[in-house]
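Visitor: First the structure, then my questions, so here it is.
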Amino acid sequence: MCGIAGQLNLRGAPLSRVRVPAMCSRIGHRGPDDGGQWHEGPAALGHTRLSIIDLSPRGRNPMANEDGTLQLVFNGEIYNFRELRDELKERGHRFRSATDGEVILHLYEEHGDALVEKLDGMFAFGLWDAVRRRLLLARDRFGVKPLYYATIGDELFFASEAKCFLAVDEFEAAVDPIALSEHLTFQNTFGDRTLLRGVKLLPAGTMAVGEAGQVNTRTWWDLGFDPQDDRPVEVFARDVRDCFERAVERQLVSDVPVGTFLSGGMDTGAISAVAARAQPDMHSFTCGFEVPEGASDLEQYFDERPESYRLAALLGTQHHETSIDAGSMARSVASVAWHLDEPRVGISYQVWVTAALVRRFVKVVLSGVGGDELFAGYPWRYEGLLDLERPDFDRAYYLRWVRLLDDEQKNRLFAPPLRDAVRGFSSWDSFRDVMKQAPDTGNLDRALYFDFKTFLNGLLVVDDRLSMAHSVEARVPFLDNELVDLCSRIPARYKLRDGVGKWIFREAMRGLLPDETLARRKQGFTPPDETWFRGESLEVIRGVLLSPRALDRGYFEPSELRRILDDHVAARSNHRFLIWSFLCFEYWNRYFVDREPEPVHTGES
């Protein structure tokens, strides 16, 4: 797990200035253990290393093949690297390290760009081929590991985090108005779009090739569905159990200690149960909330510490807890906004706080992200929609995903310059662009495809940035190649049954987890900010969002911004997600546009 960066003159001319060392300096948190740079002719590569497998200097990047014609910078983990290495050795390849990344070099020699289809893992890499004069960038199937790129003049730049481009003098940081509009509907951006104008996020399952003066991309994997209706549910439940256990065990490979998140719910509970059985003295981690008096009925369930403690005691893990209160947001929002690169889904300062706890004990942690998108874990989103005709379903499902503001509400919020910049754009069009690739196998599969391609992508951005901000590698067993392929064959009726989501996964986990855990209601990992944003956090929120500095940016109508805050305080609306996005966006402007120095970690960090 590391940070990568690189630069290529697309005309093939020698680089006049190498920006890569400065780019790497922005992501030292991703790899505090080691690092290196390489530069020759039109190409330069850089790496910051978090040592997980083969801790010796032999694992250092950039890494070359035997004759030096290939150079690689790699971020991630390849879980089937031992099998691949054995196969490559049989074909005459010689290895100089015990790292998983080195297999990429030899796979490229054997299979060219098709090497990505051999990999089971999370990865992003840049590979310079000096003979063919081409740079290959690639990202894993599911987009667990990030890879951003931008063309500035005649040069292509890439990096693990968008903040690296701030180290390129020629880069002018400005907001992409369409991305901002998209975010203020979905609390997310789709496809390759980012909040930074001119910077693209390479989509999941996609590669890009820079050569002969241009950059071309192609999708090498996409989620598909092939439901096998003739197989009994008992067979699927058995297969899910076996496959899930193999997935967790695969992701325990490490030369440093591994832990698990443990919320007390089914997903992290199942991961922890398998991991604790495979590795004694497994560490587990949870973050609770000091739920205030007067909190809503829903918020009363947000603190899961009692459930996680009972489950940890049952599984025999070394359990660690932390908690946050109403002041935690103010202490961490600046650092969170800096490390996120751009606002993304949900409220996320609790992830920041938990990652700080994890880093005190382990370098690697297993996360439960992905289970809901695989097994239909959001039944309230699908309720009443699945029998609709496709056009009606798509429109209705779009409305379920308007998390913040619809187009009309944004039109009232946006000041004239921003309103003009997004004229003709509709967030409905963004939704339809994703749905064009969705399957024909039923409405639930269409819904899961959308969730997988959008919401999951946002969750992975948050998980990666805020864990790596503390030099922690977060792994996601639910996003295992074999498990995802199996889930694509499970009929929709086994995933969602009688309004219960993840039905087949619950059946598969019987005997591994107590019935109490399997029967627990779905609870997201989120603070009680509906209440906190009406009380103890309100002074901080108003001080940031209604400051002359924020209002003078000219993005939003001040009267409409005040109305949104007033409606939340008066409990006419619950705008906690929108307020969090406004806060992150203002700090994003300070660090990315105004170029303030990055914040110093304070508080729980």
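Within each chain, counting starts at residue 1; across the structure tokens, chains are named A, B, ... in the order shown, with ligands numbered 1 upward in that order.
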Write out as JSON, numbers by chain the set of residues from region 89-313 of chain A that DSSP, computed on the backbone, places in strand (DSSP E or B).

Guide: {"A": [121, 122, 123, 124, 125, 126, 127, 128, 129, 134, 135, 136, 137, 138, 139, 148, 149, 150, 151, 152, 155, 156, 157, 158, 159, 175, 196, 200, 201, 206, 207, 208, 209, 210, 211, 214, 215, 216, 217, 218, 219, 258, 259, 260, 261, 283, 284, 285, 286, 287, 288, 289]}

Visitor: Go ahead and save the picked residues with C-alpha atoms, as a tab-separated table (two decimals), in the first residue's frame.

Guide:
```tsv
chain	number	residue	atom	x	y	z
A	121	GLY	CA	-6.72	-7.63	-5.61
A	122	MET	CA	-6.91	-3.89	-5.20
A	123	PHE	CA	-4.46	-1.90	-7.24
A	124	ALA	CA	-3.49	1.18	-9.14
A	125	PHE	CA	-0.23	1.34	-11.05
A	126	GLY	CA	1.80	3.18	-13.62
A	127	LEU	CA	4.09	1.16	-15.90
A	128	TRP	CA	6.54	2.77	-18.31
A	129	ASP	CA	7.56	0.66	-21.32
A	134	ARG	CA	4.21	4.16	-23.67
A	135	LEU	CA	2.85	4.66	-20.18
A	136	LEU	CA	0.17	2.24	-18.97
A	137	LEU	CA	-2.09	3.31	-16.10
A	138	ALA	CA	-4.56	0.83	-14.64
A	139	ARG	CA	-7.02	0.56	-11.80
A	148	TYR	CA	-6.05	10.54	-10.87
A	149	TYR	CA	-4.64	12.00	-14.05
A	150	ALA	CA	-4.47	15.31	-15.88
A	151	THR	CA	-2.99	16.59	-19.11
A	152	ILE	CA	-1.24	19.93	-18.65
A	155	GLU	CA	2.53	16.47	-20.36
A	156	LEU	CA	0.48	13.77	-18.67
A	157	PHE	CA	0.55	13.66	-14.87
A	158	PHE	CA	-0.89	10.95	-12.63
A	159	ALA	CA	-1.08	10.40	-8.88
A	175	VAL	CA	-13.80	24.17	-9.38
A	196	LEU	CA	-10.95	19.93	-9.69
A	200	LYS	CA	-9.96	13.04	-13.94
A	201	LEU	CA	-10.35	10.00	-11.72
A	206	THR	CA	-10.32	1.04	-16.60
A	207	MET	CA	-6.86	1.55	-18.05
A	208	ALA	CA	-5.31	4.55	-19.77
A	209	VAL	CA	-2.39	4.55	-22.18
A	210	GLY	CA	-0.27	7.60	-22.87
A	211	GLU	CA	1.65	7.33	-26.14
A	214	GLN	CA	-2.42	11.23	-26.82
A	215	VAL	CA	-4.13	9.50	-23.90
A	216	ASN	CA	-6.65	6.76	-24.60
A	217	THR	CA	-8.78	4.90	-22.07
A	218	ARG	CA	-10.67	1.64	-22.22
A	219	THR	CA	-12.81	-0.30	-19.77
A	258	VAL	CA	-3.88	-7.03	10.62
A	259	GLY	CA	-7.06	-5.88	12.39
A	260	THR	CA	-10.75	-5.49	11.59
A	261	PHE	CA	-13.39	-2.85	11.95
A	283	HIS	CA	-7.36	-6.69	16.89
A	284	SER	CA	-10.81	-5.16	16.34
A	285	PHE	CA	-11.87	-1.52	16.38
A	286	THR	CA	-15.06	0.45	16.81
A	287	CYS	CA	-16.05	4.09	17.17
A	288	GLY	CA	-19.09	5.12	19.16
A	289	PHE	CA	-21.00	8.37	19.56
```

Visitor: DSSP says helix (DSSP H, G or I) for which residues of region 153-329 of chain A? Put them as a ChimeraX atom specification?

Guide: /A:162-167,177-186,233-250,266-278,299-301,305-315,328-329

Visitor: Which residue, A:Leu10, A:Pro379, A:Leu413, A:Arg432, has the smallest gap to Phe582 (chain A) when you use only C-alpha atoms?

Guide: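 Once distances to Phe582 (chain A) are computed over only C-alpha atoms, the minimum belongs to A:Leu413.
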
Visitor: Leaving out Arg193 (chain A) and any residue of its chain fewer than 2 positions from it, which residues lie within 10 Å of it when counting only C-alpha atoms, given as a ChimeraX atom specification?

Guide: /A:176,178-180,182,188-191,195-203

Visitor: Per residue of region 140-169 of chain A within 9 Å of region 331-345 of chain A, note the shortest atom pair and the distance in Å to one decimal, counting only C-alpha atoms, and order the rows by chain and increasing residue number, as JSON lines.

Guide:
```
{"residue": "A:Glu161", "atom": "CA", "partner": "A:Asp341", "partner_atom": "CA", "distance": 7.0}
{"residue": "A:Ala162", "atom": "CA", "partner": "A:Asp341", "partner_atom": "CA", "distance": 6.0}
{"residue": "A:Lys163", "atom": "CA", "partner": "A:Asp341", "partner_atom": "CA", "distance": 6.2}
```

Visitor: May I have the selected residues written with C-alpha atoms, as a PDB file, in the first residue's frame?

Guide:
```
ATOM      1  CA  GLU A 161      -4.369  11.768  -4.797  1.00  0.00           C
ATOM      2  CA  ALA A 162      -5.552  14.880  -6.587  1.00  0.00           C
ATOM      3  CA  LYS A 163      -3.666  17.186  -4.212  1.00  0.00           C
TER       4      LYS A 163
END
```

Visitor: For Arg359 (chain A), list every protein, DNA or RNA residue within 8 Å, evaluated using only C-alpha atoms, and leave out those in the same chain fewer than 6 positions away; present the list as a list in words.

Guide: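 Contacts, with the query itself left out: His470, Ser471 and Val472 of chain A.
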
Visitor: Of the candidates A:Ser581, A:Gln71, A:Ser430, A:Ser160, which shows the shortest atom-to-atom distance to Cys24 (chain A), using only C-alpha atoms?

Guide: A:Ser160

Visitor: I'd like the neighbourhood of Gly269 (chain A) as a PyMOL selection string, where a residue qualifies if any of its atoms comes within 8 Å (using only C-alpha atoms), though same-chain residues fewer than 5 positions away should be ignored.

Guide: chain A and resi 262-264+311+513+517

Visitor: Restricted to N, CA and C atoms, what would the selected residues look like written as a CSV table (one decimal), in the first residue's frame?

Guide:
```csv
chain,number,residue,atom,x,y,z
A,262,LEU,N,-15.1,-3.4,13.6
A,262,LEU,CA,-16.1,-4.2,14.2
A,262,LEU,C,-17.2,-3.3,14.8
A,263,SER,N,-18.3,-3.1,14.0
A,263,SER,CA,-19.3,-2.2,14.4
A,263,SER,C,-20.4,-2.9,15.3
A,264,GLY,N,-20.4,-4.2,15.3
A,264,GLY,CA,-21.5,-5.0,15.9
A,264,GLY,C,-22.5,-5.4,15.0
A,311,LEU,N,-19.9,-8.7,20.7
A,311,LEU,CA,-19.5,-9.5,19.6
A,311,LEU,C,-17.9,-9.8,19.7
A,513,LEU,N,-22.2,-16.4,13.1
A,513,LEU,CA,-22.6,-15.3,14.0
A,513,LEU,C,-23.8,-15.6,14.7
A,517,THR,N,-27.1,-11.0,16.1
A,517,THR,CA,-26.4,-10.1,15.1
A,517,THR,C,-27.0,-10.2,13.7
```

Visitor: Nearest to Arg520 (chain A) among A:Leu448, A:Val422, A:Met266, A:Ile564, with distances taken over only C-alpha atoms: which residue is it?

Guide: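 Closest residue, counting only C-alpha atoms: A:Met266.
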
Visitor: Name all residues at most 12 Å from Asn411 (chain A) (count only C-alpha atoms; drop same-chain ones fewer than 2 positions away) and give them as an NGL selection string.

Guide: :A and (181 or 184-185 or 405-409 or 413-427 or 555-557 or 560)

Visitor: Compare A:Leu252, A:Ala204, A:Leu466, A:Ile490 by their minimum atom-to-atom distance to Leu223 (chain A), counting only C-alpha atoms, and give me the closest one.

Guide: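 Closest residue, counting only C-alpha atoms: A:Ala204.
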
Visitor: Nearest residue to Val144 (chain A) out of A:Arg403, A:Arg91, A:Arg360, A:Lys453, using only C-alpha atoms?

Guide: A:Lys453

Visitor: May I ask which of the residues A:Pro477, A:Gly371, A:Pro306, A:Gly46 is the closest one to Asp267 (chain A), counting only C-alpha atoms?

Guide: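 Between A:Pro477, A:Gly371, A:Pro306, A:Gly46, the residue approaching Asp267 (chain A) most closely is A:Gly371.
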